[in-house]
Amino acid sequence: MRVAVAGAGVAGSFLASRLSDLGYVVDLYDLPVQTACRAAPCAWMATRDFPAVLEAEGLDSEKYVIEHFDAFLLQGQRVEADLMTIRKPALVADLRGGIEVRKETPDLSAYDRVIDATGTARAYLPAIAGDDFCRCVQFRVQGGSRASALPLVQYVHGGYAWAFPLGGGEWHVGCLSHLVDPSGLIGKTGFLDGEARCGCKSRLRVTSPYKALPFVSENIWGVGEAIGCAYPLVGDGIVPALLSARLLLDHFDDPEGYTQAVLDTFPGMQGERTLLERMKAGRRPSPAWVDEIDTSRLGVRVTPTEVARILFALLAR
Ligand SMILES: Cc1cc2nc3c(=O)[nH]c(=O)nc-3n(C[C@H](O)[C@H](O)[C@H](O)COP(=O)(O)OP(=O)(O)OC[C@H]3O[C@@H](n4cnc5c(N)ncnc54)[C@H](O)[C@@H]3O)c2cc1C
């Protein structure tokens, strides 16, 4: 069987090399590099299940971890957590193994199966009615003074800004908003202090898998963020991309089984999507919404009252 994998990010790189190991004839495609750092999307924070997910695939997560954190500062207040910054470009390179990335457009008629792993582009699956994205801006910054060596998070209008330490005095500083262009918000946080080495804008699919069907259309199978596998409020998608790729491998000839497995695996994305829709409809956050958000993947240990306070601040500002 000949398989074209479009998108050499986390999900596509992993799938291409695993399918090749399984004996499929695989070609991996991506676009010409569009950012100076070649790391788009520039994502550096992994959630607590990252080590277990990599270990299940025979990979040593410590090779990619820059630093483990047991807390971050939210509005200057310490919040217990279980997070780690990672070298995503190195991870993607290892996931890809020796598979070459082709930069031309695939001739789909030459393949029995096409994997759409194109992230926000969803270049091959049918478009999603009501597809939804938040806007992001991000920088790599050297030096500067910040409140702590811990990851920093601050609310901004309709989202949050972050500063994640990358070691050697370097920080990944960014901002996402569900409501406005975040370019004008990041400057107010103080996180940009230092020398900005590079910066770019991007977007993140916040539709959730539950609103991103179909995952399979004829011989095209989607995976990762192309089928909405990212948490709509927080925006983490690295671990979900890997998990969805594993589900695709496990259900390679069973489209219904694959679709159901993805929907069953990420119930927390549905909860965050529901909250986001209420926020966009202008509804006032309620403590009762707390039940719909699952922060366990972040290792955050906060009471329901605190979660309600955080939600209120995130959604209402
Ligand atoms: C600013 C920002 C910060 C983020 N930070 C984090 C974070 O800290 N932690 C976290 O867990 N998640 C984070 N995310 C989300 C996470 O990066 C993504 O959800 C995850 O990378 C999705 O993986 P993927 O393999 O599905 O797609 P991607 O990693 O996006 O890969 C898609 C690939 O497809 C390629 N492509 C696009 N169109 C085509 C085409 N027509 N043909 C061929 N190739 C194509 C792209 O060039 C890209 O290489 C962040 C996202 C953004 C935008």
# chains A, B, ... in the order shown; residues from 1 in each chain; ligands from 1
$ residues_near_ligand --ligand "ligand 1" --cutoff "6 Å" --atoms "only C-alpha atoms and all ligand atoms" --output "JSON, numbers by chain"
{"A": [6, 7, 8, 9, 10, 11, 12, 29, 30, 31, 41, 42, 43, 44, 45, 46, 117, 118, 119, 121, 123, 136, 138, 202, 203, 204, 224, 225, 226, 230, 235, 236, 237, 238, 239, 241]}
$ write_last_selection --atoms "C-alpha atoms" --output "JSON list (two decimals), in the first residue's frame"
[["chain", "number", "residue", "atom", "x", "y", "z"],
["A", 6, "ALA", "CA", 0.99, 15.47, 4.32],
["A", 7, "GLY", "CA", 2.44, 17.49, 7.19],
["A", 8, "ALA", "CA", 5.77, 16.72, 8.85],
["A", 9, "GLY", "CA", 4.84, 18.03, 12.30],
["A", 10, "VAL", "CA", 4.47, 15.89, 15.41],
["A", 11, "ALA", "CA", 1.66, 13.62, 14.18],
["A", 12, "GLY", "CA", 2.77, 13.31, 10.54],
["A", 29, "TYR", "CA", 5.33, 15.96, 2.43],
["A", 30, "ASP", "CA", 5.52, 19.43, 3.94],
["A", 31, "LEU", "CA", 5.57, 23.01, 2.73],
["A", 41, "PRO", "CA", 4.20, 26.07, 15.45],
["A", 42, "CYS", "CA", 6.68, 27.26, 18.05],
["A", 43, "ALA", "CA", 5.49, 25.19, 21.02],
["A", 44, "TRP", "CA", 7.65, 24.38, 24.02],
["A", 45, "MET", "CA", 5.49, 23.26, 26.96],
["A", 46, "ALA", "CA", 4.43, 19.65, 27.43],
["A", 117, "ALA", "CA", -1.52, 15.83, 9.23],
["A", 118, "THR", "CA", -1.42, 19.46, 8.11],
["A", 119, "GLY", "CA", -2.47, 20.98, 11.45],
["A", 121, "ALA", "CA", -4.37, 23.97, 7.33],
["A", 123, "ALA", "CA", -5.38, 20.87, 3.54],
["A", 136, "CYS", "CA", -1.32, 33.79, 18.60],
["A", 138, "GLN", "CA", 5.13, 34.46, 19.92],
["A", 202, "SER", "CA", 0.12, 31.95, 14.01],
["A", 203, "ARG", "CA", -3.23, 30.49, 14.87],
["A", 204, "LEU", "CA", -4.49, 27.44, 16.66],
["A", 224, "GLY", "CA", -3.69, 15.77, 15.15],
["A", 225, "GLU", "CA", -4.77, 19.38, 15.01],
["A", 226, "ALA", "CA", -6.18, 18.84, 11.50],
["A", 230, "ALA", "CA", -5.93, 20.46, 20.79],
["A", 235, "GLY", "CA", -4.20, 25.36, 23.46],
["A", 236, "ASP", "CA", -1.99, 22.33, 24.21],
["A", 237, "GLY", "CA", -1.82, 19.99, 21.23],
["A", 238, "ILE", "CA", 1.53, 18.16, 21.26],
["A", 239, "VAL", "CA", 0.51, 15.18, 23.40],
["A", 241, "ALA", "CA", -1.27, 14.94, 18.27]]
$ select_by_dssp --residues "segment 37-139 of chain A" --states "strand (DSSP E or B)" --output "number ranges by chain"
A: 45-46, 65-74, 77-86, 101-102, 113-116, 133-139
$ closest_residue --among "A:Ser20, A:Thr47, A:Thr120, A:Ser145" --to "Gly98 of chain A" --atoms "only C-alpha atoms"
A:Ser20
$ closest_residue --among "A:Phe133, A:Tyr64, A:Phe14, A:Trp162" --to "Pro51 of chain A" --atoms "only C-alpha atoms"
A:Tyr64
$ closest_atom_pairs --of "segment 157-217 of chain A" --to "segment 247-255 of chain A" --cutoff "12 Å" --atoms "only C-alpha atoms" --output "JSON lines"
{"residue": "A:Leu213", "atom": "CA", "partner": "A:Pro255", "partner_atom": "CA", "distance": 11.8}
{"residue": "A:Pro214", "atom": "CA", "partner": "A:Pro255", "partner_atom": "CA", "distance": 9.9}
{"residue": "A:Phe215", "atom": "CA", "partner": "A:Pro255", "partner_atom": "CA", "distance": 8.1}
{"residue": "A:Val216", "atom": "CA", "partner": "A:Pro255", "partner_atom": "CA", "distance": 6.4}
{"residue": "A:Ser217", "atom": "CA", "partner": "A:Pro255", "partner_atom": "CA", "distance": 9.0}
$ write_last_selection --atoms "N, CA and C atoms" --output "PDB file, in the first residue's frame"
ATOM      1  N   LEU A 213     -15.529  16.890  12.591  1.00  0.00           N
ATOM      2  CA  LEU A 213     -15.797  15.713  11.756  1.00  0.00           C
ATOM      3  C   LEU A 213     -15.996  16.146  10.308  1.00  0.00           C
ATOM      4  N   PRO A 214     -15.732  15.311   9.296  1.00  0.00           N
ATOM      5  CA  PRO A 214     -15.257  13.946   9.451  1.00  0.00           C
ATOM      6  C   PRO A 214     -13.747  13.880   9.671  1.00  0.00           C
ATOM      7  N   PHE A 215     -13.312  12.794  10.303  1.00  0.00           N
ATOM      8  CA  PHE A 215     -11.878  12.533  10.427  1.00  0.00           C
ATOM      9  C   PHE A 215     -11.379  11.730   9.221  1.00  0.00           C
ATOM     10  N   VAL A 216     -12.339  11.043   8.564  1.00  0.00           N
ATOM     11  CA  VAL A 216     -11.989  10.221   7.405  1.00  0.00           C
ATOM     12  C   VAL A 216     -12.962  10.550   6.281  1.00  0.00           C
ATOM     13  N   SER A 217     -12.430  10.808   5.086  1.00  0.00           N
ATOM     14  CA  SER A 217     -13.266  11.076   3.926  1.00  0.00           C
ATOM     15  C   SER A 217     -12.646  10.356   2.733  1.00  0.00           C
TER      16      SER A 217
END
$ residues_around --residues "Ile128 of chain A" --least-positions-apart "2" --cutoff "10 Å" --atoms "only C-alpha atoms" --output "ChimeraX atom specification"
/A:122,125-126,130-132,207,211-214,227
$ atom_distance --atom1 "atom CA of Tyr258 of chain A" --atom2 "atom CA of Met84 of chain A"
29.3 Å
$ select_by_dssp --residues "segment 112-241 of chain A" --states "helix (DSSP H, G or I)" --output "mmCIF file with C-alpha atoms, in the first residue's frame"
data_model
loop_
_atom_site.group_PDB
_atom_site.id
_atom_site.type_symbol
_atom_site.label_atom_id
_atom_site.label_comp_id
_atom_site.auth_asym_id
_atom_site.auth_seq_id
_atom_site.Cartn_x
_atom_site.Cartn_y
_atom_site.Cartn_z
ATOM 1 C CA GLY A 119 -2.468 20.981 11.450
ATOM 2 C CA THR A 120 -4.409 24.227 11.147
ATOM 3 C CA ALA A 121 -4.365 23.970 7.326
ATOM 4 C CA PRO A 182 -3.076 39.509 20.667
ATOM 5 C CA SER A 183 -0.269 41.596 19.101
ATOM 6 C CA GLY A 184 -1.249 44.628 21.131
ATOM 7 C CA ILE A 186 1.724 41.058 24.912
ATOM 8 C CA GLY A 187 3.569 44.352 25.406
ATOM 9 C CA LYS A 188 1.489 45.084 28.518
ATOM 10 C CA THR A 189 2.679 41.965 30.360
ATOM 11 C CA PRO A 209 -12.626 17.020 17.576
ATOM 12 C CA TYR A 210 -16.336 16.990 18.393
ATOM 13 C CA LYS A 211 -16.933 19.784 15.858
ATOM 14 C CA GLY A 224 -3.687 15.771 15.154
ATOM 15 C CA GLU A 225 -4.770 19.376 15.011
ATOM 16 C CA ALA A 226 -6.184 18.844 11.498
ATOM 17 C CA ILE A 227 -9.055 17.017 13.237
ATOM 18 C CA ILE A 238 1.535 18.159 21.260
ATOM 19 C CA VAL A 239 0.515 15.183 23.402
ATOM 20 C CA PRO A 240 -2.935 15.011 21.713
ATOM 21 C CA ALA A 241 -1.268 14.939 18.268
#
$ residues_around --residues "Arg301 of chain A" --least-positions-apart "5" --cutoff "9 Å" --atoms "only C-alpha atoms" --output "ChimeraX atom specification"
/A:79-81,295-296
$ write_last_selection --atoms "N, CA and C atoms" --output "JSON list (two decimals), in the first residue's frame"
[["chain", "number", "residue", "atom", "x", "y", "z"],
["A", 79, "VAL", "N", 1.11, 28.41, 41.44],
["A", 79, "VAL", "CA", 0.11, 27.36, 41.25],
["A", 79, "VAL", "C", 0.87, 26.04, 41.05],
["A", 80, "GLU", "N", 0.58, 25.05, 41.89],
["A", 80, "GLU", "CA", 1.23, 23.74, 41.75],
["A", 80, "GLU", "C", 0.86, 23.15, 40.40],
["A", 81, "ALA", "N", 1.82, 22.49, 39.73],
["A", 81, "ALA", "CA", 1.55, 21.93, 38.40],
["A", 81, "ALA", "C", 2.57, 20.84, 38.11],
["A", 295, "THR", "N", -8.40, 19.89, 34.48],
["A", 295, "THR", "CA", -7.03, 20.42, 34.50],
["A", 295, "THR", "C", -6.03, 19.35, 34.93],
["A", 296, "SER", "N", -6.48, 18.07, 35.04],
["A", 296, "SER", "CA", -5.58, 17.04, 35.57],
["A", 296, "SER", "C", -4.35, 16.85, 34.68]]
$ residues_around --residues "Leu83 of chain A" --least-positions-apart "5" --cutoff "8 Å" --atoms "only C-alpha atoms" --output "PyMOL selection string"
chain A and resi 45-48+68-71+298-299
$ write_last_selection --atoms "C-alpha atoms" --output "PDB file, in the first residue's frame"
ATOM      1  CA  MET A  45       5.488  23.258  26.956  1.00  0.00           C
ATOM      2  CA  ALA A  46       4.433  19.645  27.431  1.00  0.00           C
ATOM      3  CA  THR A  47       1.842  18.343  29.847  1.00  0.00           C
ATOM      4  CA  ARG A  48       2.437  15.737  32.550  1.00  0.00           C
ATOM      5  CA  HIS A  68      10.628  20.050  34.692  1.00  0.00           C
ATOM      6  CA  PHE A  69       8.404  22.403  36.701  1.00  0.00           C
ATOM      7  CA  ASP A  70       6.295  21.685  39.767  1.00  0.00           C
ATOM      8  CA  ALA A  71       4.606  25.083  39.621  1.00  0.00           C
ATOM      9  CA  LEU A 298      -1.603  20.019  33.700  1.00  0.00           C
ATOM     10  CA  GLY A 299      -1.045  18.554  37.153  1.00  0.00           C
TER      11      GLY A 299
END
$ atom_distance --atom1 "atom CA of Ile220 of chain A" --atom2 "atom CA of Glu272 of chain A"
27.4 Å
$ residues_around --residues "segment 168-177 of chain A" --least-positions-apart "2" --cutoff "8 Å" --atoms "only C-alpha atoms" --output "PyMOL selection string"
chain A and resi 44+134-143+156-166+179-183+185-186+191-192
$ residues_around --residues "Leu108 of chain A" --least-positions-apart "2" --cutoff "12 Å" --atoms "only C-alpha atoms" --output "PDB file with C-alpha atoms, in the first residue's frame"
ATOM      1  CA  ARG A   2       1.284   3.461  -0.904  1.00  0.00           C
ATOM      2  CA  VAL A   3       0.660   6.163   1.704  1.00  0.00           C
ATOM      3  CA  ALA A   4       1.179   9.924   1.405  1.00  0.00           C
ATOM      4  CA  VAL A   5       1.545  11.721   4.726  1.00  0.00           C
ATOM      5  CA  ALA A   6       0.989  15.473   4.315  1.00  0.00           C
ATOM      6  CA  ASP A  27       6.114   9.547   1.240  1.00  0.00           C
ATOM      7  CA  TYR A  29       5.333  15.961   2.432  1.00  0.00           C
ATOM      8  CA  GLU A 104       6.331  19.358  -3.587  1.00  0.00           C
ATOM      9  CA  THR A 105       2.558  18.905  -3.732  1.00  0.00           C
ATOM     10  CA  PRO A 106       1.664  15.208  -3.725  1.00  0.00           C
ATOM     11  CA  ALA A 110      -0.539   7.896  -6.870  1.00  0.00           C
ATOM     12  CA  TYR A 111      -1.539   6.847  -3.334  1.00  0.00           C
ATOM     13  CA  ASP A 112      -3.941   4.332  -1.787  1.00  0.00           C
ATOM     14  CA  ARG A 113      -4.125   6.363   1.421  1.00  0.00           C
ATOM     15  CA  VAL A 114      -3.524  10.037   2.214  1.00  0.00           C
ATOM     16  CA  ILE A 115      -2.945  11.170   5.798  1.00  0.00           C
ATOM     17  CA  ASP A 116      -3.897  14.792   6.436  1.00  0.00           C
ATOM     18  CA  TYR A 124      -6.935  17.619   2.305  1.00  0.00           C
ATOM     19  CA  ASN A 219      -9.100   7.570   1.332  1.00  0.00           C
ATOM     20  CA  ILE A 220      -8.087  10.680   3.299  1.00  0.00           C
TER      21      ILE A 220
END
$ closest_residue --among "A:Ala313, A:Val101, A:Ala281, A:Leu243" --to "Leu28 of chain A" --atoms "only C-alpha atoms"
A:Val101
